[in-house]
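Trainee: Handing over target.txt, compact mmCIF, C-alpha atoms.
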```
# COMPACT_ATOMS: atom_id res chain seq x y z
CA MET S 1 19.85 -35.28 -5.60
CA SER S 2 17.18 -32.60 -5.59
CA THR S 3 17.57 -29.06 -4.34
CA ARG S 4 15.93 -25.68 -4.87
CA ILE S 5 17.15 -22.10 -5.11
CA LEU S 6 14.97 -18.98 -4.89
CA HIS S 7 16.25 -16.02 -6.93
CA LEU S 8 15.19 -12.45 -6.08
CA SER S 9 16.47 -9.30 -7.74
CA ASP S 10 15.98 -5.53 -7.84
CA LEU S 11 14.17 -4.98 -4.55
CA HIS S 12 14.80 -1.21 -4.61
CA PHE S 13 14.03 -0.55 -0.96
CA GLY S 14 13.48 3.16 -0.45
CA ALA S 15 11.83 3.80 -3.80
CA ARG S 16 8.23 4.81 -4.05
CA ARG S 17 5.89 1.88 -4.77
CA ALA S 18 8.59 -0.64 -3.77
CA LEU S 19 7.13 -3.71 -2.00
CA GLN S 20 4.26 -1.76 -0.51
CA ASP S 21 1.46 -4.35 -0.62
CA ALA S 22 0.65 -5.44 2.95
CA THR S 23 0.11 -9.07 1.87
CA PHE S 24 3.42 -9.35 0.02
CA GLY S 25 5.51 -10.60 2.94
CA VAL S 26 2.92 -13.19 3.96
CA ALA S 27 2.63 -14.50 0.40
CA LEU S 28 6.40 -14.71 -0.03
CA ALA S 29 6.76 -16.55 3.27
CA GLY S 30 4.14 -19.02 2.09
CA LEU S 31 5.95 -19.55 -1.20
CA ILE S 32 9.25 -20.16 0.59
CA GLU S 33 7.62 -22.64 2.94
CA ARG S 34 6.14 -24.54 0.00
CA LEU S 35 9.29 -24.56 -2.16
CA ASP S 36 11.70 -25.00 0.78
CA PRO S 37 14.78 -23.57 -0.99
CA ALA S 38 18.24 -24.51 0.24
CA LEU S 39 19.44 -21.01 -0.71
CA VAL S 40 17.99 -17.58 -1.49
CA ILE S 41 19.95 -15.51 -4.01
CA ALA S 42 19.50 -11.72 -4.15
CA SER S 43 21.21 -10.42 -7.30
CA GLY S 44 21.57 -6.73 -6.58
CA ASP S 45 19.74 -3.41 -6.38
CA LEU S 46 18.61 -4.17 -2.86
CA THR S 47 18.29 -0.43 -2.27
CA HIS S 48 17.34 2.52 -4.43
CA ARG S 49 20.04 5.01 -3.41
CA GLY S 50 22.38 3.03 -1.17
CA SER S 51 21.44 4.90 2.02
CA ALA S 52 21.82 3.46 5.53
CA SER S 53 18.07 3.35 6.17
CA GLN S 54 17.43 1.59 2.85
CA TYR S 55 20.08 -0.99 3.66
CA ASP S 56 18.54 -1.53 7.10
CA ALA S 57 15.17 -2.23 5.48
CA ALA S 58 16.63 -4.56 2.83
CA ALA S 59 18.66 -6.52 5.38
CA GLU S 60 15.65 -6.88 7.68
CA PHE S 61 13.52 -8.14 4.79
CA LEU S 62 16.08 -10.68 3.57
CA GLY S 63 16.78 -11.86 7.12
CA SER S 64 13.07 -12.45 7.67
CA LEU S 65 13.11 -15.11 4.95
CA GLU S 66 15.01 -17.38 7.38
CA ARG S 67 17.02 -19.16 4.71
CA PRO S 68 20.72 -19.15 3.81
CA LEU S 69 21.44 -16.07 1.69
CA LEU S 70 23.86 -15.21 -1.08
CA VAL S 71 23.71 -11.50 -1.88
CA VAL S 72 25.58 -9.41 -4.46
CA PRO S 73 25.26 -5.63 -5.00
CA GLY S 74 23.85 -3.78 -7.99
CA ASN S 75 24.43 -0.36 -9.48
CA HIS S 76 21.85 1.21 -7.14
CA ASP S 77 23.58 -0.15 -4.02
CA MET S 78 26.38 2.41 -3.78
CA PRO S 79 26.13 5.99 -2.50
CA TYR S 80 24.85 8.58 -4.93
CA THR S 81 26.96 11.32 -3.33
CA LEU S 82 30.67 12.17 -3.46
CA PRO S 83 33.20 11.38 -2.15
CA ALA S 84 31.61 8.24 -0.63
CA ARG S 85 30.73 6.81 -4.05
CA LEU S 86 34.44 6.72 -4.92
CA THR S 87 36.11 6.20 -1.55
CA SER S 88 33.80 3.68 0.13
CA PRO S 89 31.16 2.49 -2.35
CA TRP S 90 30.50 -0.83 -0.59
CA ALA S 91 30.86 0.10 3.08
CA ALA S 92 27.13 -0.14 3.83
CA PHE S 93 26.74 -3.34 1.82
CA GLU S 94 29.66 -5.02 3.58
CA ARG S 95 28.38 -3.89 6.97
CA HIS S 96 25.20 -5.90 6.41
CA PHE S 97 26.30 -8.74 4.12
CA GLY S 98 30.03 -9.17 4.75
CA THR S 99 31.45 -9.30 1.23
CA THR S 100 30.43 -8.24 -2.25
CA GLU S 101 31.66 -11.57 -3.66
CA PRO S 102 30.29 -14.33 -1.40
CA VAL S 103 30.54 -18.11 -1.81
CA HIS S 104 27.99 -20.70 -0.73
CA ALA S 105 29.19 -24.30 -0.56
CA SER S 106 27.27 -27.48 0.21
CA ALA S 107 27.13 -31.04 -1.06
CA GLU S 108 24.51 -29.99 -3.62
CA LEU S 109 25.55 -26.43 -4.52
CA GLN S 110 28.70 -24.41 -5.21
CA VAL S 111 27.58 -20.80 -5.73
CA VAL S 112 29.85 -17.81 -6.30
CA GLY S 113 28.89 -14.13 -6.38
CA LEU S 114 30.60 -11.53 -8.58
CA ASN S 115 30.25 -7.79 -8.09
CA SER S 116 29.58 -6.38 -11.58
CA ALA S 117 28.68 -2.82 -10.45
CA ARG S 118 31.20 0.02 -10.82
CA PRO S 119 31.20 3.50 -9.21
CA LEU S 120 32.10 5.18 -12.50
CA ARG S 121 29.43 3.35 -14.48
CA HIS S 122 25.86 4.45 -13.80
CA GLN S 123 24.16 1.51 -15.52
CA GLY S 124 26.83 -0.62 -17.19
CA GLY S 125 28.45 -3.62 -15.57
CA LEU S 126 31.94 -5.11 -15.71
CA ILE S 127 33.73 -8.17 -14.32
CA THR S 128 37.52 -8.01 -14.32
CA ALA S 129 39.95 -10.80 -15.16
CA ALA S 130 40.98 -10.99 -11.49
CA GLN S 131 37.36 -11.40 -10.40
CA LEU S 132 36.79 -14.09 -13.00
CA SER S 133 39.91 -15.94 -11.88
CA ARG S 134 38.72 -15.93 -8.24
CA ALA S 135 35.29 -17.17 -9.31
CA GLN S 136 36.85 -19.98 -11.34
CA GLU S 137 38.90 -21.08 -8.33
CA ALA S 138 35.82 -21.02 -6.10
CA LEU S 139 33.74 -23.00 -8.58
CA ALA S 140 36.50 -25.59 -8.92
CA ARG S 141 36.34 -26.25 -5.16
CA GLY S 142 32.79 -27.57 -5.42
CA ALA S 143 31.92 -31.04 -4.20
CA PRO S 144 31.60 -33.79 -6.83
CA GLY S 145 28.15 -33.57 -8.40
CA ALA S 146 27.36 -30.16 -6.89
CA CYS S 147 25.62 -27.74 -9.24
CA ARG S 148 27.98 -24.85 -9.94
CA VAL S 149 26.24 -21.45 -10.06
CA ALA S 150 27.55 -17.92 -10.74
CA VAL S 151 25.64 -14.77 -9.70
CA CYS S 152 26.04 -11.16 -10.81
CA HIS S 153 23.74 -8.17 -11.14
CA HIS S 154 24.11 -7.23 -14.80
CA GLN S 155 22.38 -9.42 -17.35
CA LEU S 156 24.16 -11.59 -19.89
CA LEU S 157 21.07 -12.22 -22.02
CA GLY S 158 19.26 -9.54 -23.99
CA ALA S 159 15.96 -8.27 -22.66
CA PRO S 160 12.84 -10.00 -24.05
CA TRP S 161 11.04 -6.64 -24.12
CA ARG S 162 12.07 -3.00 -24.32
CA SER S 163 15.24 -2.00 -22.48
CA ARG S 164 18.13 0.36 -23.18
CA LYS S 165 20.26 -1.28 -20.50
CA ARG S 166 23.30 -2.88 -22.05
CA PRO S 167 24.30 -6.38 -21.01
CA LEU S 168 27.45 -7.13 -19.02
CA ALA S 169 30.58 -5.88 -20.77
CA HIS S 170 32.61 -8.61 -22.50
CA ARG S 171 29.89 -11.10 -21.61
CA ALA S 172 31.13 -13.72 -24.10
CA SER S 173 34.54 -13.85 -22.41
CA VAL S 174 32.99 -13.94 -18.94
CA LEU S 175 30.64 -16.74 -19.90
CA ALA S 176 33.47 -18.70 -21.53
CA GLY S 177 35.56 -18.34 -18.38
CA LEU S 178 32.72 -19.52 -16.15
CA LEU S 179 32.03 -22.44 -18.47
CA ALA S 180 35.68 -23.45 -18.30
CA ALA S 181 35.30 -23.69 -14.53
CA GLY S 182 32.24 -25.90 -14.83
CA ALA S 183 29.44 -23.37 -14.31
CA GLU S 184 26.05 -24.89 -15.06
CA LEU S 185 23.82 -21.93 -14.12
CA VAL S 186 24.56 -18.19 -14.44
CA VAL S 187 21.95 -15.83 -12.96
CA SER S 188 21.46 -12.06 -12.89
CA GLY S 189 18.90 -9.24 -12.73
CA HIS S 190 19.11 -5.52 -13.60
CA ILE S 191 16.54 -5.28 -16.43
CA HIS S 192 13.43 -6.25 -14.40
CA GLN S 193 12.45 -8.85 -17.00
CA ALA S 194 12.51 -12.64 -16.77
CA SER S 195 14.40 -14.74 -19.30
CA ALA S 196 16.03 -18.16 -19.44
CA SER S 197 18.05 -19.89 -22.14
CA GLU S 198 20.52 -22.74 -22.52
CA GLY S 199 23.94 -21.99 -24.01
CA ARG S 200 23.41 -24.13 -27.07
CA GLU S 201 20.33 -22.07 -27.94
CA PHE S 202 22.44 -18.99 -28.70
CA GLN S 203 26.04 -20.19 -29.25
CA VAL S 204 27.51 -22.25 -32.05
CA GLU S 205 29.96 -23.88 -29.64
CA ARG S 206 28.69 -26.93 -27.80
CA SER S 207 28.37 -25.16 -24.46
CA SER S 208 25.92 -26.36 -21.85
CA VAL S 209 24.95 -23.69 -19.34
CA VAL S 210 21.63 -22.21 -18.27
CA VAL S 211 21.63 -18.40 -18.28
CA THR S 212 18.77 -16.54 -16.58
CA THR S 213 17.60 -13.06 -15.66
CA ALA S 214 15.11 -12.55 -12.83
CA PRO S 215 12.17 -10.15 -13.03
CA GLY S 216 12.23 -7.21 -10.65
CA LEU S 217 10.69 -7.80 -7.24
CA GLY S 218 10.55 -4.17 -6.18
CA ARG S 219 9.59 -0.91 -7.86
CA PRO S 220 8.97 -0.99 -11.63
CA ARG S 221 11.30 1.16 -13.68
CA PRO S 222 10.13 4.69 -14.45
CA ARG S 223 7.54 4.71 -17.24
CA ARG S 224 7.33 0.89 -16.98
CA ARG S 225 4.75 0.61 -14.23
CA GLY S 226 2.93 -2.20 -15.98
CA GLU S 227 5.96 -4.49 -16.08
CA ALA S 228 5.99 -7.84 -14.32
CA CYS S 229 6.92 -8.21 -10.67
CA GLY S 230 8.16 -11.57 -9.46
CA LEU S 231 11.03 -13.99 -8.93
CA LEU S 232 12.62 -17.17 -10.27
CA ALA S 233 12.91 -20.57 -8.61
CA TYR S 234 15.33 -23.29 -9.69
CA ARG S 235 14.79 -27.00 -9.12
CA ILE S 236 18.07 -28.85 -9.59
CA GLU S 237 17.96 -32.60 -10.10
CA GLU S 238 20.74 -35.04 -10.96
CA GLY S 239 20.27 -34.56 -14.71
CA THR S 240 18.12 -31.45 -15.12
CA ILE S 241 17.63 -27.82 -14.07
CA ALA S 242 14.09 -26.45 -14.03
CA VAL S 243 13.53 -22.67 -14.11
CA GLU S 244 10.18 -21.47 -12.78
CA THR S 245 8.77 -17.94 -13.00
CA HIS S 246 6.55 -16.89 -10.12
CA LEU S 247 4.81 -13.56 -10.76
CA TRP S 248 3.16 -11.38 -8.16
CA GLN S 249 -0.55 -10.76 -8.48
CA PRO S 250 -2.52 -8.85 -5.83
CA GLY S 251 -2.76 -11.32 -2.98
CA GLY S 252 -0.15 -13.88 -3.96
CA PHE S 253 2.38 -15.40 -6.33
CA GLU S 254 1.38 -17.40 -9.41
CA LEU S 255 3.51 -19.91 -11.28
CA THR S 256 3.35 -18.58 -14.84
CA ALA S 257 6.16 -20.40 -16.66
CA SER S 258 8.45 -23.40 -16.29
CA ARG S 259 11.35 -24.48 -18.51
CA LEU S 260 13.38 -27.67 -18.17
CA PHE S 261 17.03 -27.86 -19.24
CA PRO S 262 19.57 -30.71 -19.21
CA ARG S 263 22.65 -30.68 -17.04
CA GLY S 264 25.64 -31.47 -19.22
CA THR S 265 25.99 -31.58 -22.98
CA GLY S 266 23.50 -34.37 -23.61
CA PRO S 267 19.94 -33.86 -24.80
CA LEU S 268 16.95 -33.52 -22.52
CA PRO S 269 15.34 -36.94 -21.98
CA GLU S 270 12.21 -37.44 -24.04
CA PRO S 271 9.06 -37.41 -21.91
CA GLU S 272 7.31 -40.73 -21.58
CA GLN S 273 4.31 -41.07 -23.87
CA PRO S 274 1.07 -42.37 -22.36
CA ARG S 275 0.32 -45.92 -23.41
CA LEU S 276 -2.88 -46.60 -25.29
CA ASP S 277 -5.13 -49.11 -23.58
CA ARG S 278 -6.04 -51.20 -26.64
CA THR S 279 -8.60 -53.22 -24.74
CA ALA S 280 -10.54 -50.12 -23.73
CA ALA S 281 -10.12 -48.61 -27.19
CA GLY S 282 -11.46 -51.75 -28.91
```
Output the file's structure as structure tokens, nothing else.
Mentor:
Amino acid sequence: MSTRILHLSDLHFGARRALQDATFGVALAGLIERLDPALVIASGDLTHRGSASQYDAAAEFLGSLERPLLVVPGNHDMPYTLPARLTSPWAAFERHFGTTEPVHASAELQVVGLNSARPLRHQGGLITAAQLSRAQEALARGAPGACRVAVCHHQLLGAPWRSRKRPLAHRASVLAGLLAAGAELVVSGHIHQASASEGREFQVERSSVVVTTAPGLGRPRPRRRGEACGLLAYRIEEGTIAVETHLWQPGGFELTASRLFPRGTGPLPEPEQPRLDRTAAG
């Protein structure tokens, strides 16, 4: 078994300086052709203010990637005006992408999306017990051996650099619930900073799950115009999950980091050591 996922987040279509480089689309198409992902995940903030024209642009962009998509909304993807923000916050999203909590199922992957954005929370994210229960049921339906993945917008890990954005509310309970359903990979965005860790690196319990946050692909946050722009790629093998960071530089994407994690509670296999040719050495 070997399969790949491409993970985009925080596109912010409609914002100034969002995806404006003329070579960006060509470079991304080239990266997709080379990696050949079985699925593209977009983990929210597709738009900047949730307007119809911004959704049209985001949907056109994601459709141009010509790969299966799993898309969840972020806090920027609902209307910024009343009463629409309260009465129909996800109407435009659902018009383009069908549901705010999609499921992708194949022999290799069982991926569930959770909508962590809330109309009454400007930045903070929340996943309810009912949502978690539905996600657990969907994960449990996965094929034997399929990698079970959960997607939301709000991060579970702390930011590696400066950020006042709080992580997902009650994240420990959410993560425990996903683990109980067999989740092996939990991915998010929101803070425009890349991070990846394995559960046993930050929990005393013997939990084995890879938790990641994608860098922003669209406009940098205000007063953070020097922050990284890029995406994550996952390579899932029978016994390992590799997390690769591809950062945008003028003219193309560069692989800047790669971490390898085990699937399951066992250790990562030791790399083979090169054998010394004693004849040549003597």
Trainee: Can you pull out the residues contacting Gly239 in chain S? Cut-off 7 Å, using only C-alpha atoms, and skip same-chain residues under 2 positions away; I want them as a list in words.
Mentor: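 Skipping anything fewer than 2 positions along the chain leaves Glu237, Pro262 and Arg263 of chain S.
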Trainee: Looking at S:Val151, S:Cys229, S:Ala92, S:Ala138, which one is nearest to Ser53 in chain S, with distances taken over all atoms listed in the file?
Mentor: S:Ala92
Trainee: Which residues come within 12 Å of Ala228 in chain S, counting all atoms listed in the file, excluding same-chain residues fewer than 4 positions away, as a ChimeraX atom specification?
Mentor: /S:161,191-195,214-221,224,245-249,253-254,256
Trainee: Those residues you just picked out, can you put them in a file as a compact mmCIF listing (two decimals), keeping the file's coordinate frame with C-alpha atoms?
Mentor:
```txt
# COMPACT_ATOMS: atom_id res chain seq x y z
CA TRP S 161 11.04 -6.64 -24.12
CA ILE S 191 16.54 -5.28 -16.43
CA HIS S 192 13.43 -6.25 -14.40
CA GLN S 193 12.45 -8.85 -17.00
CA ALA S 194 12.51 -12.64 -16.77
CA SER S 195 14.40 -14.74 -19.30
CA ALA S 214 15.11 -12.55 -12.83
CA PRO S 215 12.17 -10.15 -13.03
CA GLY S 216 12.23 -7.21 -10.65
CA LEU S 217 10.69 -7.80 -7.24
CA GLY S 218 10.55 -4.17 -6.18
CA ARG S 219 9.59 -0.91 -7.86
CA PRO S 220 8.97 -0.99 -11.63
CA ARG S 221 11.30 1.16 -13.68
CA ARG S 224 7.33 0.89 -16.98
CA THR S 245 8.77 -17.94 -13.00
CA HIS S 246 6.55 -16.89 -10.12
CA LEU S 247 4.81 -13.56 -10.76
CA TRP S 248 3.16 -11.38 -8.16
CA GLN S 249 -0.55 -10.76 -8.48
CA PHE S 253 2.38 -15.40 -6.33
CA GLU S 254 1.38 -17.40 -9.41
CA THR S 256 3.35 -18.58 -14.84
```
Trainee: For Val103 in chain S, list every protein, DNA or RNA residue within 12 Å, evaluated using only C-alpha atoms, and leave out those in the same chain fewer than 2 positions away; present the list as JSON, numbers by chain.
Mentor: {"S": [39, 41, 68, 69, 70, 71, 72, 97, 98, 99, 100, 101, 105, 106, 109, 110, 111, 112, 113, 114, 134, 135, 136, 137, 138, 139, 140, 141, 142, 148, 149, 150, 151]}
Trainee: Could you check the closest approach to Glu244 in chain S for each of S:Ser116, S:Phe261, S:Tyr80, S:Leu86 and tell me which residue wins, using only C-alpha atoms?
Mentor: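 Once distances to Glu244 in chain S are computed over only C-alpha atoms, the minimum belongs to S:Phe261.
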Trainee: Report, in Å to a single decimal, how far apart CA of His122 in chain S and CA of Arg164 in chain S are.
Mentor: 12.8 Å
Trainee: What is the CA of Leu46 in chain S-CA of Ser258 in chain S distance in Å, reported with one decimal?
Mentor: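 Here the two named atoms are 25.6 Å from each other.
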Trainee: For a quick check of understanding, using all atoms listed in the file, which of S:Pro37, S:Gly44, S:Pro271, S:Pro144 has the smallest distance to Asp10 in chain S?
Mentor: S:Gly44
Trainee: Go ahead and compute the interatomic distance for CA of Arg49 in chain S and CA of Gly125 in chain S, in Å to one decimal.
Mentor: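 Interatomic distance here is 17.1 Å.
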Trainee: Using all atoms listed in the file for the distances, tell me which of S:Pro83, S:Gly182, S:Gly158, S:Pro167 is nearest to Ala117 in chain S.
Mentor: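 Of all the options, S:Pro167 lies closest to Ala117 in chain S.
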Trainee: Can you find the residues with an atom no farther than 12 Å from (28.7, 0.8, -14.5), counting all atoms listed in the file, and report them as a list in words?
Mentor: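 Neighbouring residues, ordered by chain and number, come to Pro73, Gly74, Asn75, His76, Asp77, Met78, Asn115, Ser116, Ala117, Arg118, Pro119, Leu120, Arg121, His122, Gln123, Gly124, Gly125, Leu126, Ile127, His153, His154, Lys165, Arg166, Pro167, Leu168, Ala169 and His190 of chain S.
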Trainee: Just write the chosen residues, C-alpha atoms, as an mmCIF file, in the frame of the given file.
Mentor:
```cif
data_model
loop_
_atom_site.group_PDB
_atom_site.id
_atom_site.type_symbol
_atom_site.label_atom_id
_atom_site.label_comp_id
_atom_site.auth_asym_id
_atom_site.auth_seq_id
_atom_site.Cartn_x
_atom_site.Cartn_y
_atom_site.Cartn_z
ATOM 1 C CA PRO S 73 25.260 -5.630 -5.000
ATOM 2 C CA GLY S 74 23.850 -3.780 -7.990
ATOM 3 C CA ASN S 75 24.430 -0.360 -9.480
ATOM 4 C CA HIS S 76 21.850 1.210 -7.140
ATOM 5 C CA ASP S 77 23.580 -0.150 -4.020
ATOM 6 C CA MET S 78 26.380 2.410 -3.780
ATOM 7 C CA ASN S 115 30.250 -7.790 -8.090
ATOM 8 C CA SER S 116 29.580 -6.380 -11.580
ATOM 9 C CA ALA S 117 28.680 -2.820 -10.450
ATOM 10 C CA ARG S 118 31.200 0.020 -10.820
ATOM 11 C CA PRO S 119 31.200 3.500 -9.210
ATOM 12 C CA LEU S 120 32.100 5.180 -12.500
ATOM 13 C CA ARG S 121 29.430 3.350 -14.480
ATOM 14 C CA HIS S 122 25.860 4.450 -13.800
ATOM 15 C CA GLN S 123 24.160 1.510 -15.520
ATOM 16 C CA GLY S 124 26.830 -0.620 -17.190
ATOM 17 C CA GLY S 125 28.450 -3.620 -15.570
ATOM 18 C CA LEU S 126 31.940 -5.110 -15.710
ATOM 19 C CA ILE S 127 33.730 -8.170 -14.320
ATOM 20 C CA HIS S 153 23.740 -8.170 -11.140
ATOM 21 C CA HIS S 154 24.110 -7.230 -14.800
ATOM 22 C CA LYS S 165 20.260 -1.280 -20.500
ATOM 23 C CA ARG S 166 23.300 -2.880 -22.050
ATOM 24 C CA PRO S 167 24.300 -6.380 -21.010
ATOM 25 C CA LEU S 168 27.450 -7.130 -19.020
ATOM 26 C CA ALA S 169 30.580 -5.880 -20.770
ATOM 27 C CA HIS S 190 19.110 -5.520 -13.600
#
```
